file coords.txt (compact mmCIF, C-alpha atoms)
# COMPACT_ATOMS: atom_id res chain seq x y z
CA MET A 575 51.32 28.73 118.34
CA VAL A 576 51.55 32.07 116.64
CA SER A 577 54.66 34.05 117.41
CA PRO A 578 54.02 37.65 118.41
CA ILE A 579 54.30 40.16 115.61
CA GLN A 580 57.07 42.71 115.90
CA ILE A 581 55.90 46.01 114.48
CA SER A 582 58.81 47.78 112.77
CA LYS A 583 57.06 51.07 112.31
CA GLU A 584 53.76 52.59 113.34
CA ILE A 585 52.31 55.58 111.52
CA ASP A 586 49.81 57.83 113.20
CA ALA A 587 47.47 59.00 110.43
CA ARG A 588 44.56 59.76 112.74
CA GLY A 589 44.38 63.39 111.71
CA SER A 590 44.58 62.52 108.03
CA PHE A 591 41.63 62.76 105.68
CA CYS A 592 40.74 60.25 102.93
CA PRO A 593 42.88 59.04 101.15
CA GLY A 594 45.64 60.34 103.44
CA PRO A 595 46.07 57.28 105.71
CA LEU A 596 46.45 55.01 102.69
CA MET A 597 48.95 57.36 101.06
CA GLU A 598 50.98 57.52 104.28
CA LEU A 599 50.94 53.73 104.53
CA ILE A 600 52.13 53.36 100.92
CA ARG A 601 55.02 55.73 101.59
CA ALA A 602 56.03 53.81 104.71
CA VAL A 603 55.82 50.44 102.96
CA LYS A 604 57.94 51.76 100.08
CA ALA A 605 60.59 52.98 102.52
CA ALA A 606 60.57 49.76 104.59
CA SER A 607 62.61 46.59 104.11
CA VAL A 608 61.09 43.32 102.92
CA GLY A 609 59.70 41.44 105.92
CA ASP A 610 59.06 44.59 107.97
CA VAL A 611 55.69 44.92 109.65
CA ILE A 612 54.05 48.33 109.38
CA ALA A 613 51.07 49.54 111.37
CA VAL A 614 48.94 52.55 110.55
CA LEU A 615 46.36 54.24 112.74
CA SER A 616 43.43 55.68 110.82
CA GLY A 617 40.19 57.33 111.80
CA ASP A 618 39.00 57.49 108.19
CA PRO A 619 36.08 55.04 107.79
CA GLY A 620 37.10 54.56 104.14
CA SER A 621 40.32 52.92 105.29
CA ILE A 622 38.44 49.81 106.47
CA LYS A 623 37.91 48.82 102.83
CA ASP A 624 40.67 50.86 101.17
CA ILE A 625 43.71 49.66 103.08
CA PRO A 626 43.01 45.90 102.74
CA ALA A 627 42.17 46.47 99.04
CA TRP A 628 45.50 48.20 98.47
CA ILE A 629 47.42 45.51 100.38
CA ALA A 630 45.82 42.80 98.23
CA LYS A 631 46.45 44.73 95.01
CA ALA A 632 50.06 45.48 95.93
CA ASN A 633 50.60 41.82 96.98
CA HIS A 634 51.66 42.48 100.53
CA GLU A 635 50.37 40.53 103.54
CA PHE A 636 47.44 41.88 105.55
CA LEU A 637 48.00 40.78 109.13
CA GLY A 638 44.86 42.32 110.51
CA MET A 639 42.89 45.28 111.75
CA GLU A 640 42.12 46.08 115.37
CA ASP A 641 40.23 48.71 117.32
CA ALA A 642 42.47 51.45 118.62
CA GLY A 643 39.94 53.53 120.52
CA GLY A 644 36.83 55.31 119.30
CA GLU A 645 36.58 55.29 115.51
CA VAL A 646 40.29 54.61 115.15
CA LYS A 647 41.55 51.33 113.69
CA ARG A 648 45.06 49.96 113.53
CA PHE A 649 45.91 48.18 110.28
CA ILE A 650 48.90 45.86 110.22
CA VAL A 651 50.72 44.82 107.06
CA ARG A 652 53.88 42.88 106.27
CA LYS A 653 55.96 44.03 103.31
CA THR A 654 56.52 40.91 101.21
CA HIS A 655 58.54 42.13 98.25
CA MET B 1076 40.12 45.62 84.49
CA SER B 1077 41.70 48.56 82.76
CA GLU B 1078 45.10 49.44 84.18
CA LYS B 1079 44.83 53.06 83.08
CA LEU B 1080 42.73 55.99 84.18
CA ALA B 1081 42.44 59.07 82.01
CA MET B 1082 40.79 62.18 83.34
CA ILE B 1083 39.79 65.39 81.67
CA VAL B 1084 39.58 68.06 84.36
CA GLU B 1085 37.56 70.91 82.91
CA SER B 1086 36.04 72.34 86.08
CA GLY B 1087 37.94 74.77 88.26
CA THR B 1088 35.55 74.67 91.17
CA THR B 1089 36.93 73.39 94.45
CA ASP B 1090 34.41 70.56 94.86
CA LYS B 1091 35.31 69.00 91.51
CA LEU B 1092 39.04 69.59 91.91
CA MET B 1093 38.82 67.78 95.23
CA ALA B 1094 36.92 64.88 93.67
CA ALA B 1095 39.38 64.67 90.77
CA SER B 1096 42.39 64.81 93.09
CA ILE B 1097 41.09 62.11 95.43
CA LEU B 1098 40.23 59.85 92.48
CA THR B 1099 43.69 60.42 91.03
CA ALA B 1100 45.35 59.59 94.35
CA GLY B 1101 43.23 56.44 94.78
CA ALA B 1102 43.87 55.26 91.22
CA ALA B 1103 47.60 55.86 91.56
CA ALA B 1104 47.60 53.98 94.87
CA MET B 1105 45.85 51.04 93.22
CA GLY B 1106 48.55 50.85 90.59
CA LYS B 1107 46.81 52.48 87.66
CA ASP B 1108 48.67 54.75 85.28
CA VAL B 1109 46.87 58.07 85.38
CA THR B 1110 46.81 60.77 82.72
CA VAL B 1111 45.20 64.06 83.68
CA PHE B 1112 44.34 66.48 80.89
CA LEU B 1113 43.74 69.98 82.23
CA THR B 1114 41.50 72.24 80.24
CA PHE B 1115 39.59 75.49 80.74
CA GLY B 1116 38.77 76.01 84.45
CA GLY B 1117 40.73 72.92 85.41
CA LEU B 1118 43.83 74.36 83.82
CA MET B 1119 43.33 77.84 85.29
CA ALA B 1120 43.32 76.21 88.74
CA PHE B 1121 46.89 74.96 88.11
CA LYS B 1122 48.30 78.45 87.62
CA LYS B 1123 51.13 79.42 89.97
CA GLY B 1124 49.79 81.01 93.13
CA TYR B 1125 47.00 78.44 93.47
CA GLU B 1126 47.61 78.44 97.26
CA GLN B 1127 46.24 81.97 97.47
CA ALA B 1128 43.28 81.32 95.20
CA PRO B 1129 39.94 81.48 97.01
CA LEU B 1130 37.67 78.50 97.33
CA VAL B 1131 35.24 78.45 94.40
CA MET B 1132 31.93 76.62 94.48
CA PRO B 1133 29.50 75.97 91.62
CA ASN B 1134 26.04 77.52 91.64
CA GLU B 1135 24.34 74.65 93.43
CA PHE B 1136 26.68 75.13 96.41
CA LYS B 1137 26.91 78.91 96.31
CA GLY B 1138 27.23 80.46 99.73
CA MET B 1139 28.92 77.40 101.20
CA GLU B 1140 32.46 78.70 100.67
CA GLY B 1141 33.01 80.00 104.20
CA MET B 1142 31.56 76.95 105.89
CA LEU B 1143 33.55 74.61 103.67
CA SER B 1144 36.75 76.50 104.25
CA GLN B 1145 36.26 76.23 108.03
CA THR B 1146 35.39 72.53 107.83
CA MET B 1147 38.49 71.86 105.76
CA GLN B 1148 40.67 73.51 108.36
CA ALA B 1149 38.95 71.86 111.31
CA LYS B 1150 39.12 68.36 109.77
CA HIS B 1151 42.60 68.83 108.29
CA ILE B 1152 41.32 68.13 104.81
CA PRO B 1153 44.30 68.66 102.53
CA HIS B 1154 44.31 71.08 99.64
CA TRP B 1155 43.37 69.26 96.42
CA MET B 1156 46.85 70.01 95.05
CA LYS B 1157 48.35 67.95 97.87
CA ASN B 1158 46.33 64.92 96.72
CA PHE B 1159 47.61 65.37 93.16
CA GLN B 1160 51.19 65.68 94.47
CA ASP B 1161 50.77 62.57 96.65
CA ALA B 1162 49.36 60.71 93.64
CA ARG B 1163 52.45 61.51 91.63
CA GLU B 1164 54.68 60.40 94.46
CA VAL B 1165 53.11 56.94 94.80
CA GLY B 1166 52.27 56.17 91.19
CA ASN B 1167 52.71 56.82 87.51
CA VAL B 1168 50.72 60.02 87.09
CA HIS B 1169 51.05 62.64 84.34
CA PHE B 1170 49.54 66.10 84.07
CA TYR B 1171 49.14 67.80 80.71
CA ALA B 1172 47.90 71.26 79.85
CA CYS B 1173 45.47 71.73 76.98
CA SER B 1174 47.18 73.79 74.29
CA ALA B 1175 43.93 75.41 73.13
CA THR B 1176 43.21 76.75 76.64
CA MET B 1177 46.79 78.00 76.92
CA ASP B 1178 46.32 79.88 73.68
CA MET B 1179 42.88 81.23 74.61
CA PHE B 1180 44.10 82.74 77.87
CA ASP B 1181 47.60 83.69 76.70
CA LEU B 1182 49.21 81.34 79.20
CA LYS B 1183 52.77 80.12 79.06
CA LYS B 1184 54.12 76.89 80.52
CA GLU B 1185 56.00 78.99 83.13
CA ASP B 1186 52.68 80.35 84.39
CA LEU B 1187 51.69 76.87 85.54
CA GLU B 1188 52.64 74.80 88.55
CA PRO B 1189 55.63 72.56 87.81
CA ILE B 1190 53.46 69.47 88.37
CA VAL B 1191 52.15 70.13 84.84
CA GLU B 1192 54.61 68.32 82.61
CA ASP B 1193 53.82 69.53 79.18
CA VAL B 1194 51.44 71.39 76.91
CA VAL B 1195 49.68 69.03 74.53
CA GLY B 1196 46.82 68.95 72.07
CA VAL B 1197 43.73 66.83 72.41
CA ALA B 1198 45.03 64.18 70.01
CA TYR B 1199 47.91 63.42 72.35
CA PHE B 1200 45.50 62.99 75.23
CA ILE B 1201 43.28 60.71 73.15
CA LYS B 1202 46.30 58.57 72.32
CA GLU B 1203 47.29 58.40 76.01
CA ALA B 1204 43.70 57.56 76.97
CA GLU B 1205 43.56 54.55 74.64
CA GLY B 1206 42.30 51.56 76.63
CA ALA B 1207 41.84 53.67 79.76
CA GLN B 1208 38.82 54.27 81.94
CA THR B 1209 38.08 57.87 81.07
CA LEU B 1210 36.37 60.52 83.17
CA PHE B 1211 35.31 64.07 82.39
CA ILE B 1212 35.16 66.23 85.48
call {"tool": "encode", "arguments": {"input": "coords.txt", "output": "structure tokens"}}
result
Amino acid sequence: MVSPIQISKEIDARGSFCPGPLMELIRAVKAASVGDVIAVLSGDPGSIKDIPAWIAKANHEFLGMEDAGGEVKRFIVRKTH
Amino acid sequence: MSEKLAMIVESGTTDKLMAASILTAGAAAMGKDVTVFLTFGGLMAFKKGYEQAPLVMPNEFKGMEGMLSQTMQAKHIPHWMKNFQDAREVGNVHFYACSATMDMFDLKKEDLEPIVEDVVGVAYFIKEAEGAQTLFI
């Protein structure tokens, strides 16, 4: 049984151009507390590869990506350190 | 994998400044130390008042300035300087001005955007670029 994820903060980066959504996510993760779950909405197709790559590189936890209407995806990450 | 990216930005045309700025932002995001050496056209683009400077395209894209400017507004594509500023905010990124270009165009450090840290010679850049992936743009 997976407990529901509480999103601490959601960033709307839909109007943001590559690499804007990633940069906005990095800023939010930096400002967050360890354990917080951050979501970012992005319509930049580059984000599909970029955001998980950054999460892996920065050693945070990628909780998933979901469709958020049209081309928009919601990426969910937990700050681990 | 090299943990450093070194970039020589020689071109002052908007297409290449955009490419250089996006690469810098991406490299900084991925945890690389980035050193940007600004020379010739690349350095002229960092003069104060860059916000008012018109879009400049190289010969192969001549005539596209108006269309590109409209597209950038419509799609909210940020100014290349914003990408460089974001890069510096998220990572370890340094901008240096080429002393020879400064001398050639009678530029002073105060004529440049404050994002440019220092005026250095090529030897300093080469030292900073040791062990780095290096690009000439």
call {"tool": "interface_residues", "arguments": {"input": "coords.txt", "of": "chain A", "to": "chain B", "cutoff": "10 Å", "atoms": "all atoms listed in the file", "output": "list in words"}}
result
Gly589, Ser590, Phe591, Cys592, Pro593, Gly594, Leu596, Met597, Glu598, Ile600, Arg601, Lys604, Asp624, Ala627, Trp628, Ile629, Ala630, Lys631 and Ala632 of chain A
call {"tool": "write_last_selection", "arguments": {"input": "coords.txt", "atoms": "C-alpha atoms", "output": "CSV table (one decimal), in the coordinates of the input"}}
result
chain,number,residue,atom,x,y,z
A,589,GLY,CA,44.4,63.4,111.7
A,590,SER,CA,44.6,62.5,108.0
A,591,PHE,CA,41.6,62.8,105.7
A,592,CYS,CA,40.7,60.2,102.9
A,593,PRO,CA,42.9,59.0,101.2
A,594,GLY,CA,45.6,60.3,103.4
A,596,LEU,CA,46.4,55.0,102.7
A,597,MET,CA,49.0,57.4,101.1
A,598,GLU,CA,51.0,57.5,104.3
A,600,ILE,CA,52.1,53.4,100.9
A,601,ARG,CA,55.0,55.7,101.6
A,604,LYS,CA,57.9,51.8,100.1
A,624,ASP,CA,40.7,50.9,101.2
A,627,ALA,CA,42.2,46.5,99.0
A,628,TRP,CA,45.5,48.2,98.5
A,629,ILE,CA,47.4,45.5,100.4
A,630,ALA,CA,45.8,42.8,98.2
A,631,LYS,CA,46.4,44.7,95.0
A,632,ALA,CA,50.1,45.5,95.9
call {"tool": "residues_around", "arguments": {"input": "coords.txt", "residues": "range 642-653 of chain A", "least_positions_apart": "5", "cutoff": "12 Å", "atoms": "all atoms listed in the file", "output": "MDAnalysis selection string"}}
result
chainID A and resid 579:590 595:596 599:630 632:637
call {"tool": "residues_around", "arguments": {"input": "coords.txt", "residues": "Asp1090 in chain B", "least_positions_apart": "2", "cutoff": "9 Å", "atoms": "all atoms listed in the file", "output": "list of chain:residue names"}}
result
B:Gly1087, B:Thr1088, B:Leu1092, B:Met1093, B:Ala1094, B:Ala1095, B:Leu1130, B:Val1131, B:Met1132, B:Pro1133
call {"tool": "residues_around", "arguments": {"input": "coords.txt", "residues": "Lys1184 in chain B", "least_positions_apart": "2", "cutoff": "10 Å", "atoms": "only C-alpha atoms", "output": "list in words"}}
result
Lys1122, Ala1172, Ser1174, Met1177, Leu1182, Asp1186, Leu1187, Glu1188, Pro1189, Val1191, Glu1192, Asp1193 and Val1194 of chain B
call {"tool": "atom_distance", "arguments": {"input": "coords.txt", "atom1": "CA of Glu1140 in chain B", "atom2": "CA of Phe1170 in chain B"}}
result
26.9 Å
call {"tool": "atom_distance", "arguments": {"input": "coords.txt", "atom1": "CA of Tyr1171 in chain B", "atom2": "CA of Gln1127 in chain B"}}
result
22.1 Å
call {"tool": "axis_aligned_box", "arguments": {"input": "coords.txt", "around": "range 1176-1193 of chain B", "padding_each_side": "6 Å", "output": "AutoDock Vina command-line options"}}
result
--center_x 49.4 --center_y 76.0 --center_z 81.1 --size_x 25.1 --size_y 27.4 --size_z 26.9
call {"tool": "atom_distance", "arguments": {"input": "coords.txt", "atom1": "CA of Met1156 in chain B", "atom2": "CA of Glu1185 in chain B"}}
result
17.5 Å
